[in-house]
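One structure below.
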Number of protein chains: 2
Amino acid sequence: MFSSLTPMDWKRRAVKYYPHKVAVIDGEKAFTYTEFGQRVDRLTLALDASGIKKGDHIAVMLPNTHQMLECFYGICQMGAVMVPLNYRLSAEDLEYIIKHSDAKMLIVDAEFAAPIETIVSNLSLEMIIIVPVEGHETDLAGINYEDFILHVNDGNGYPVVEIDENQLLTINYTSGTTSKPKGVMLTHRGNYMNAANFIYHFSLKHDDVYLHTLPMFHANGWGGVWAITATGGTHVCLRKVDPPHILHLFTQYDITLLCGAPTVVNMLVNDPKAKRTAIKARPRMATAGAPPSAALIHKAEEILGLNMIHVYGLTETSPFILYNEWKDEHGAKSADEQAMIKARQGIELVFNGETMVVSRWGGSRLGW
Amino acid sequence: MFSSLTPMDWKRRAVKYYPHKVAVIDGEKAFTYTEFGQRVDRLTLALDASGIKKGDHIAVMLPNTHQMLECFYGICQMGAVMVPLNYRLSAEDLEYIIKHSDAKMLIVDAEFAAPIETIVSNLSLEMIIIVPVEGHETDLAGINYEDFILHVNDGNGYPVVEIDENQLLTINYTSGTTSKPKGVMLTHRGNYMNAANFIYHFSLKHDDVYLHTLPMFHANGWGGVWAITATGGTHVCLRKVDPPHILHLFTQYDITLLCGAPTVVNMLVNDPKAKRTAIKARPRMATAGAPPSAALIHKAEEILGLNMIHVYGLTETSPFILYNEWKDEHGAKSADEQAMIKARQGIELVFNGETMVVSRWGGSRLGW
């Protein structure tokens, strides 16, 4: 029987096999997979009741909260398309993206609503949903997220939609450093296969506890929003990259895995509280974006006991395309040499196709 | 860019990234991935020169030899369909299957050619290729496999064919216990996703050394013929399940992974030479087919130090559909209790769709 390759199926699996396990921790809140699944289904029902249909686009501007995770599944399981927004962009860029993406609805965190207040009259949104945050008032008019998903009739479950694996899952806008931000159209299948690489190459297990240091809006957390659910692991949310708080979470929840750009690794190792002995688990940390220096990798392993994994990719490629493969023989080298090897960009991941470097003047293959 | 999900791509990747690594060991012979790739491409060229076209069916009746591995890639990368035959079947069943499968060509091992001699006049094969085996003469008329792949012009490489992921890869015949053997039509995509499960759930790494105890004709070695190549591991071939020889290979090559039905596990633990201390690596062994008893799992772990993984599937499902997931908390239980837990059938694999038990009288879900 043919079944679509979609990350949506992993939510079904997690609810089926890990019903009582903690799916998401977010500050004082924690939800089991049953509870997470119920909240996701309630969001889908609420969207459906609001007239959102398969193929509609919904912009979402939330930090790494449980509501952000709920949006990925609640919006996409009904075949609607999520447009995750970088909440650090200027009001001007946000206006451009919201218009360009044809978003009908915006779901926004109260802490980051200020730029939207200034542009909302220029937008033609049908509805705004606001995730309330203590200590962050906003003048933006919209429906409270909790009210939105609470007042639904879930007697019959959410309307199940047939997903074509090649249909759009999300549109992720690039930062627009060279010109206007470009909307990268990612499919269910592309995200499923990228998550397969995340799952395999980062050795995910059902008992992993994943800290969302990497923004979920960034290529869907490099696939982390899907991969952790796929294996029945636990998502630990994180509103803000705050190194002392991250170091605290490492020990509080025995974090086993995280992702982040080299700049985040740098902030962690330079924190005065950074101390290997304090961290019981030896978390794996995947890094990508800018290439990490050998010195930084060395420090991360020495000072924090992190087991660094170096990957490479870009939003346009879902995102992963290369990883640095560790060989047993490297273990015999000095720590410095090991870090130098880990700083190199690597080889194709197992669940990718062929990678080639193509320039305007011809093509050459990567990774030889 | 869309790229097809096909195990053929993994051969390309292995040749690219592991050119000098040993791909296949078969008795005294060993081939690097470059050499293995060249032999595979020569087989494709020879088939092409013989008039074999995309979509043609080729029956292959070989034990777990390097030629059998070469056939999987050499036949299928040109879009032809391999029909792996169980060489233990009766001449009558073989005749039925070869006719029923519309095979144009047969590739057969000299040791197992006897039943073919008796039926060959009833078959309408266009060509027979014989893999010569020392000490096993056959009267069957055919071309020597080594001559066949040697006399090709490989100046321009083999003809690259566009693979549609939903096209046939192999037809694997069931044993026909309930009626005539049935041909199970497996696609490139189905085998790719099954191999993804093999790779992830058996924790494959590039430095794995895999012993082919499981017949490769059996659902394509449960996917092992693809998965080991995918990760750049080493295939160790095995002509025959001979427990003292297997125990010898364990230490000779530091085998890290194997698969087999419970009956093979049983043969291994009951061999007088079975001794945990002799086996340096602690190989993972996946078992499926009949359910393994708790006592057998316990013995395999106690006597041989095998780390048993219990999976479930059937040829019709490519084959894996369930696996027994190990949880940390099980480690605190007695060895007996641990074995009992491992004897249970499990939960859906990560890269499967939904599994349901459907009977004539209605359906119920598995694994709750």
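How things are named: the first chain in the structure tokens is A, the next is B, and so on; residues count from 1 in each chain; ligands count from 1 in the order shown.
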
Inset, instruction - as an NGL selection string, please: all residues of segment 99-142 of chain A that backbone DSSP puts in helix (DSSP H, G or I). - result: :A and (99-100 or 110-112 or 114-122)

Legend entry - Residue hits in chain A, query chain B, radius 9 Å, only C-alpha atoms, as a ChimeraX atom specification: /A:1-5,9-10,12-13,16-17,190,196,199-201,203-204,206-207,230-231,317,325,327-328,347-348,350-354,367-368

Inset, instruction - Just give me the gap between atom CA of Gly135 of chain B and atom CA of Pro115 of chain B in Å, one decimal is fine. - result: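 Atom CA of Gly135 of chain B sits 17.3 Å away from atom CA of Pro115 of chain B.
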
Legend entry - Nearby residues (only C-alpha atoms) at most 12 Å from Glu117 of chain A, same-chain spacing under 2 positions excluded, as a PyMOL selection string: chain A and resi 91-92+94-95+108+110-115+119-123+128+130+137-142

Legend entry - Atom-to-atom span, atom CA of Lys299 of chain A and atom CA of Phe202 of chain A, Å: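 Computed distance, atom CA of Lys299 of chain A to atom CA of Phe202 of chain A, equals 20.3 Å.
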
Residues near segment 147-156 of chain A, cut-off 12 Å, only C-alpha atoms, skip fewer than 6 positions along chain, as a short mmCIF file (atom, residue, chain, number, x, y, z; two decimals) with N, CA and C atoms, in the first residue's frame:
```
data_model
loop_
_atom_site.label_atom_id
_atom_site.label_comp_id
_atom_site.auth_asym_id
_atom_site.auth_seq_id
_atom_site.Cartn_x
_atom_site.Cartn_y
_atom_site.Cartn_z
N GLN A 38 -3.81 16.21 21.53
CA GLN A 38 -5.14 16.81 21.69
C GLN A 38 -5.10 18.32 21.39
N ARG A 39 -4.06 18.97 21.88
CA ARG A 39 -3.94 20.42 21.63
C ARG A 39 -3.74 20.69 20.13
N VAL A 40 -2.94 19.86 19.49
CA VAL A 40 -2.72 20.01 18.04
C VAL A 40 -4.04 19.81 17.29
N ASP A 41 -4.78 18.79 17.65
CA ASP A 41 -6.05 18.51 16.97
C ASP A 41 -7.06 19.64 17.21
N ARG A 42 -7.03 20.20 18.42
CA ARG A 42 -7.92 21.33 18.73
C ARG A 42 -7.56 22.55 17.88
N LEU A 43 -6.27 22.75 17.65
CA LEU A 43 -5.86 23.87 16.79
C LEU A 43 -6.39 23.64 15.37
N THR A 44 -6.26 22.41 14.89
CA THR A 44 -6.77 22.11 13.55
C THR A 44 -8.28 22.35 13.47
N LEU A 45 -9.00 21.91 14.50
CA LEU A 45 -10.45 22.11 14.53
C LEU A 45 -10.80 23.59 14.52
N ALA A 46 -10.04 24.37 15.30
CA ALA A 46 -10.30 25.81 15.39
C ALA A 46 -10.04 26.49 14.04
N LEU A 47 -8.96 26.06 13.38
CA LEU A 47 -8.65 26.62 12.06
C LEU A 47 -9.75 26.28 11.07
N ASP A 48 -10.19 25.03 11.14
CA ASP A 48 -11.24 24.56 10.24
C ASP A 48 -12.52 25.37 10.46
N ALA A 49 -12.86 25.58 11.73
CA ALA A 49 -14.07 26.35 12.06
C ALA A 49 -13.95 27.81 11.61
N SER A 50 -12.70 28.28 11.49
CA SER A 50 -12.48 29.68 11.05
C SER A 50 -12.43 29.80 9.54
N GLN A 67 3.49 26.38 21.74
CA GLN A 67 2.49 26.80 20.74
C GLN A 67 3.09 26.75 19.33
N GLU A 70 2.96 23.24 18.28
CA GLU A 70 1.57 22.89 17.97
C GLU A 70 1.18 23.40 16.59
N CYS A 71 1.64 24.61 16.25
CA CYS A 71 1.32 25.18 14.94
C CYS A 71 1.86 24.31 13.80
N GLY A 74 -0.56 21.33 13.85
CA GLY A 74 -1.99 21.69 13.75
C GLY A 74 -2.34 22.32 12.41
N ILE A 107 -0.41 34.15 13.41
CA ILE A 107 -0.38 33.74 14.82
C ILE A 107 0.91 34.34 15.39
N MET A 127 -7.54 37.19 9.99
CA MET A 127 -7.62 36.94 11.42
C MET A 127 -6.22 36.98 12.05
N ILE A 128 -6.16 37.46 13.28
CA ILE A 128 -4.90 37.45 14.03
C ILE A 128 -5.13 36.70 15.34
N ILE A 129 -4.24 35.78 15.65
CA ILE A 129 -4.30 35.02 16.91
C ILE A 129 -3.08 35.44 17.72
N ILE A 130 -3.30 35.77 18.98
CA ILE A 130 -2.19 36.23 19.81
C ILE A 130 -1.92 35.24 20.94
N VAL A 131 -0.67 34.81 21.02
CA VAL A 131 -0.27 33.95 22.14
C VAL A 131 0.11 34.89 23.29
N PRO A 132 -0.69 34.87 24.37
CA PRO A 132 -0.41 35.81 25.46
C PRO A 132 0.87 35.42 26.21
#
```

Inset, instruction - Just give me the gap between atom CA of Gly233 of chain A and atom CA of His212 of chain A in Å, one decimal is fine. - result: 12.4 Å

Legend entry - Near-Ala23 of chain A list (7 Å; only C-alpha atoms; drop same-chain fewer than 3 positions) as a PyMOL selection string: chain A and resi 31-33+36+233-235

Restricting it to N, CA and C atoms, dump the selection as a PDB file, in the first residue's frame.
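Heads up, here's the output in result-v2.pdb:
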```pdb
ATOM      1  N   PHE A  31       3.483  18.638  28.631  1.00  0.00           N
ATOM      2  CA  PHE A  31       2.364  17.926  28.010  1.00  0.00           C
ATOM      3  C   PHE A  31       2.819  16.538  27.590  1.00  0.00           C
ATOM      4  N   THR A  32       2.005  15.540  27.884  1.00  0.00           N
ATOM      5  CA  THR A  32       2.293  14.198  27.365  1.00  0.00           C
ATOM      6  C   THR A  32       1.980  14.186  25.869  1.00  0.00           C
ATOM      7  N   TYR A  33       2.360  13.086  25.184  1.00  0.00           N
ATOM      8  CA  TYR A  33       2.022  13.012  23.761  1.00  0.00           C
ATOM      9  C   TYR A  33       0.516  12.991  23.544  1.00  0.00           C
ATOM     10  N   PHE A  36      -0.413  16.664  24.007  1.00  0.00           N
ATOM     11  CA  PHE A  36       0.109  17.427  22.861  1.00  0.00           C
ATOM     12  C   PHE A  36      -0.755  17.162  21.630  1.00  0.00           C
ATOM     13  N   GLY A 233      10.826  11.187  21.356  1.00  0.00           N
ATOM     14  CA  GLY A 233      11.662  11.890  22.338  1.00  0.00           C
ATOM     15  C   GLY A 233      10.917  13.053  22.975  1.00  0.00           C
ATOM     16  N   THR A 234      11.597  13.805  23.813  1.00  0.00           N
ATOM     17  CA  THR A 234      10.992  14.934  24.514  1.00  0.00           C
ATOM     18  C   THR A 234      11.562  16.257  23.993  1.00  0.00           C
ATOM     19  N   HIS A 235      10.656  17.157  23.613  1.00  0.00           N
ATOM     20  CA  HIS A 235      11.035  18.514  23.191  1.00  0.00           C
ATOM     21  C   HIS A 235      11.138  19.403  24.430  1.00  0.00           C
TER      22      HIS A 235
END
```

Mind running segment 49-76 of chain B against segment 171-176 of chain B at 10 Å and telling me each contacting residue's nearest atom pair with the distance in Å (one decimal), counting only C-alpha atoms, chain and number ascending, as a tab-separated table?
```
residue	atom	partner	partner_atom	distance
B:His57	CA	B:Ile171	CA	8.7
B:Ile58	CA	B:Ile171	CA	9.7
B:Ala59	CA	B:Ile171	CA	9.1
```

Inset, instruction - Might you pull out every residue within 6 Å of segment 280-295 of chain A, with only C-alpha atoms counted and same-chain residues fewer than 2 positions away left off, and present them as an MDAnalysis selection string? - result: chainID A and resid 254 256:262 297:298 305:312 339:340 343

Requested write-out: N, CA and C atoms of the selected residues, as a PDB file, in the first residue's frame:
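And here is the file that came out, selection.pdb:
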```
ATOM      1  N   ASP A 254      18.622  16.754  32.045  1.00  0.00           N
ATOM      2  CA  ASP A 254      19.568  15.826  31.412  1.00  0.00           C
ATOM      3  C   ASP A 254      19.428  15.849  29.889  1.00  0.00           C
ATOM      4  N   THR A 256      20.095  15.620  26.134  1.00  0.00           N
ATOM      5  CA  THR A 256      21.008  14.717  25.427  1.00  0.00           C
ATOM      6  C   THR A 256      21.364  15.225  24.030  1.00  0.00           C
ATOM      7  N   LEU A 257      20.632  16.232  23.530  1.00  0.00           N
ATOM      8  CA  LEU A 257      20.835  16.660  22.147  1.00  0.00           C
ATOM      9  C   LEU A 257      20.392  18.108  21.980  1.00  0.00           C
ATOM     10  N   LEU A 258      21.143  18.856  21.192  1.00  0.00           N
ATOM     11  CA  LEU A 258      20.743  20.214  20.823  1.00  0.00           C
ATOM     12  C   LEU A 258      21.414  20.583  19.503  1.00  0.00           C
ATOM     13  N   CYS A 259      20.946  21.692  18.914  1.00  0.00           N
ATOM     14  CA  CYS A 259      21.512  22.183  17.658  1.00  0.00           C
ATOM     15  C   CYS A 259      21.746  23.683  17.816  1.00  0.00           C
ATOM     16  N   GLY A 260      22.700  24.183  17.075  1.00  0.00           N
ATOM     17  CA  GLY A 260      22.901  25.624  17.127  1.00  0.00           C
ATOM     18  C   GLY A 260      24.024  26.064  16.217  1.00  0.00           C
ATOM     19  N   ALA A 261      23.951  27.312  15.791  1.00  0.00           N
ATOM     20  CA  ALA A 261      25.016  27.896  14.978  1.00  0.00           C
ATOM     21  C   ALA A 261      26.264  28.041  15.854  1.00  0.00           C
ATOM     22  N   PRO A 262      27.447  28.136  15.236  1.00  0.00           N
ATOM     23  CA  PRO A 262      28.687  28.298  16.000  1.00  0.00           C
ATOM     24  C   PRO A 262      28.629  29.457  17.003  1.00  0.00           C
ATOM     25  N   ILE A 297      35.317  23.958  18.361  1.00  0.00           N
ATOM     26  CA  ILE A 297      34.897  22.568  18.574  1.00  0.00           C
ATOM     27  C   ILE A 297      35.680  21.969  19.740  1.00  0.00           C
ATOM     28  N   HIS A 298      36.960  22.264  19.771  1.00  0.00           N
ATOM     29  CA  HIS A 298      37.818  21.761  20.837  1.00  0.00           C
ATOM     30  C   HIS A 298      37.328  22.257  22.196  1.00  0.00           C
ATOM     31  N   GLY A 305      31.967  19.252  27.533  1.00  0.00           N
ATOM     32  CA  GLY A 305      31.765  17.826  27.302  1.00  0.00           C
ATOM     33  C   GLY A 305      30.775  17.558  26.182  1.00  0.00           C
ATOM     34  N   LEU A 306      30.576  18.544  25.315  1.00  0.00           N
ATOM     35  CA  LEU A 306      29.645  18.333  24.202  1.00  0.00           C
ATOM     36  C   LEU A 306      30.297  17.445  23.140  1.00  0.00           C
ATOM     37  N   ASN A 307      29.492  16.567  22.572  1.00  0.00           N
ATOM     38  CA  ASN A 307      29.951  15.734  21.471  1.00  0.00           C
ATOM     39  C   ASN A 307      29.486  16.422  20.188  1.00  0.00           C
ATOM     40  N   MET A 308      30.404  17.141  19.534  1.00  0.00           N
ATOM     41  CA  MET A 308      30.012  18.003  18.422  1.00  0.00           C
ATOM     42  C   MET A 308      29.850  17.225  17.110  1.00  0.00           C
ATOM     43  N   ILE A 309      28.782  17.573  16.388  1.00  0.00           N
ATOM     44  CA  ILE A 309      28.511  17.007  15.063  1.00  0.00           C
ATOM     45  C   ILE A 309      28.420  18.188  14.103  1.00  0.00           C
ATOM     46  N   HIS A 310      29.209  18.143  13.042  1.00  0.00           N
ATOM     47  CA  HIS A 310      29.241  19.264  12.107  1.00  0.00           C
ATOM     48  C   HIS A 310      28.475  18.900  10.837  1.00  0.00           C
ATOM     49  N   VAL A 311      27.448  19.660  10.554  1.00  0.00           N
ATOM     50  CA  VAL A 311      26.643  19.419   9.354  1.00  0.00           C
ATOM     51  C   VAL A 311      26.623  20.676   8.496  1.00  0.00           C
ATOM     52  N   TYR A 312      26.094  20.534   7.299  1.00  0.00           N
ATOM     53  CA  TYR A 312      26.028  21.673   6.393  1.00  0.00           C
ATOM     54  C   TYR A 312      24.729  21.608   5.600  1.00  0.00           C
ATOM     55  N   ALA A 339      39.707  18.111  16.512  1.00  0.00           N
ATOM     56  CA  ALA A 339      38.861  19.289  16.298  1.00  0.00           C
ATOM     57  C   ALA A 339      39.025  19.824  14.880  1.00  0.00           C
ATOM     58  N   MET A 340      40.265  19.746  14.353  1.00  0.00           N
ATOM     59  CA  MET A 340      40.487  20.208  12.977  1.00  0.00           C
ATOM     60  C   MET A 340      39.715  19.354  11.984  1.00  0.00           C
ATOM     61  N   ALA A 343      36.096  20.206  11.991  1.00  0.00           N
ATOM     62  CA  ALA A 343      35.772  21.520  11.442  1.00  0.00           C
ATOM     63  C   ALA A 343      35.590  21.476   9.925  1.00  0.00           C
TER      64      ALA A 343
END
```

Inset, instruction - Could you tell me which of A:Ile52, A:Ile228, A:Cys76, A:Ile321 comes closest to Leu168 of chain A if we count only C-alpha atoms? - result: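 That would be A:Cys76, the residue with the smallest distance to Leu168 of chain A.
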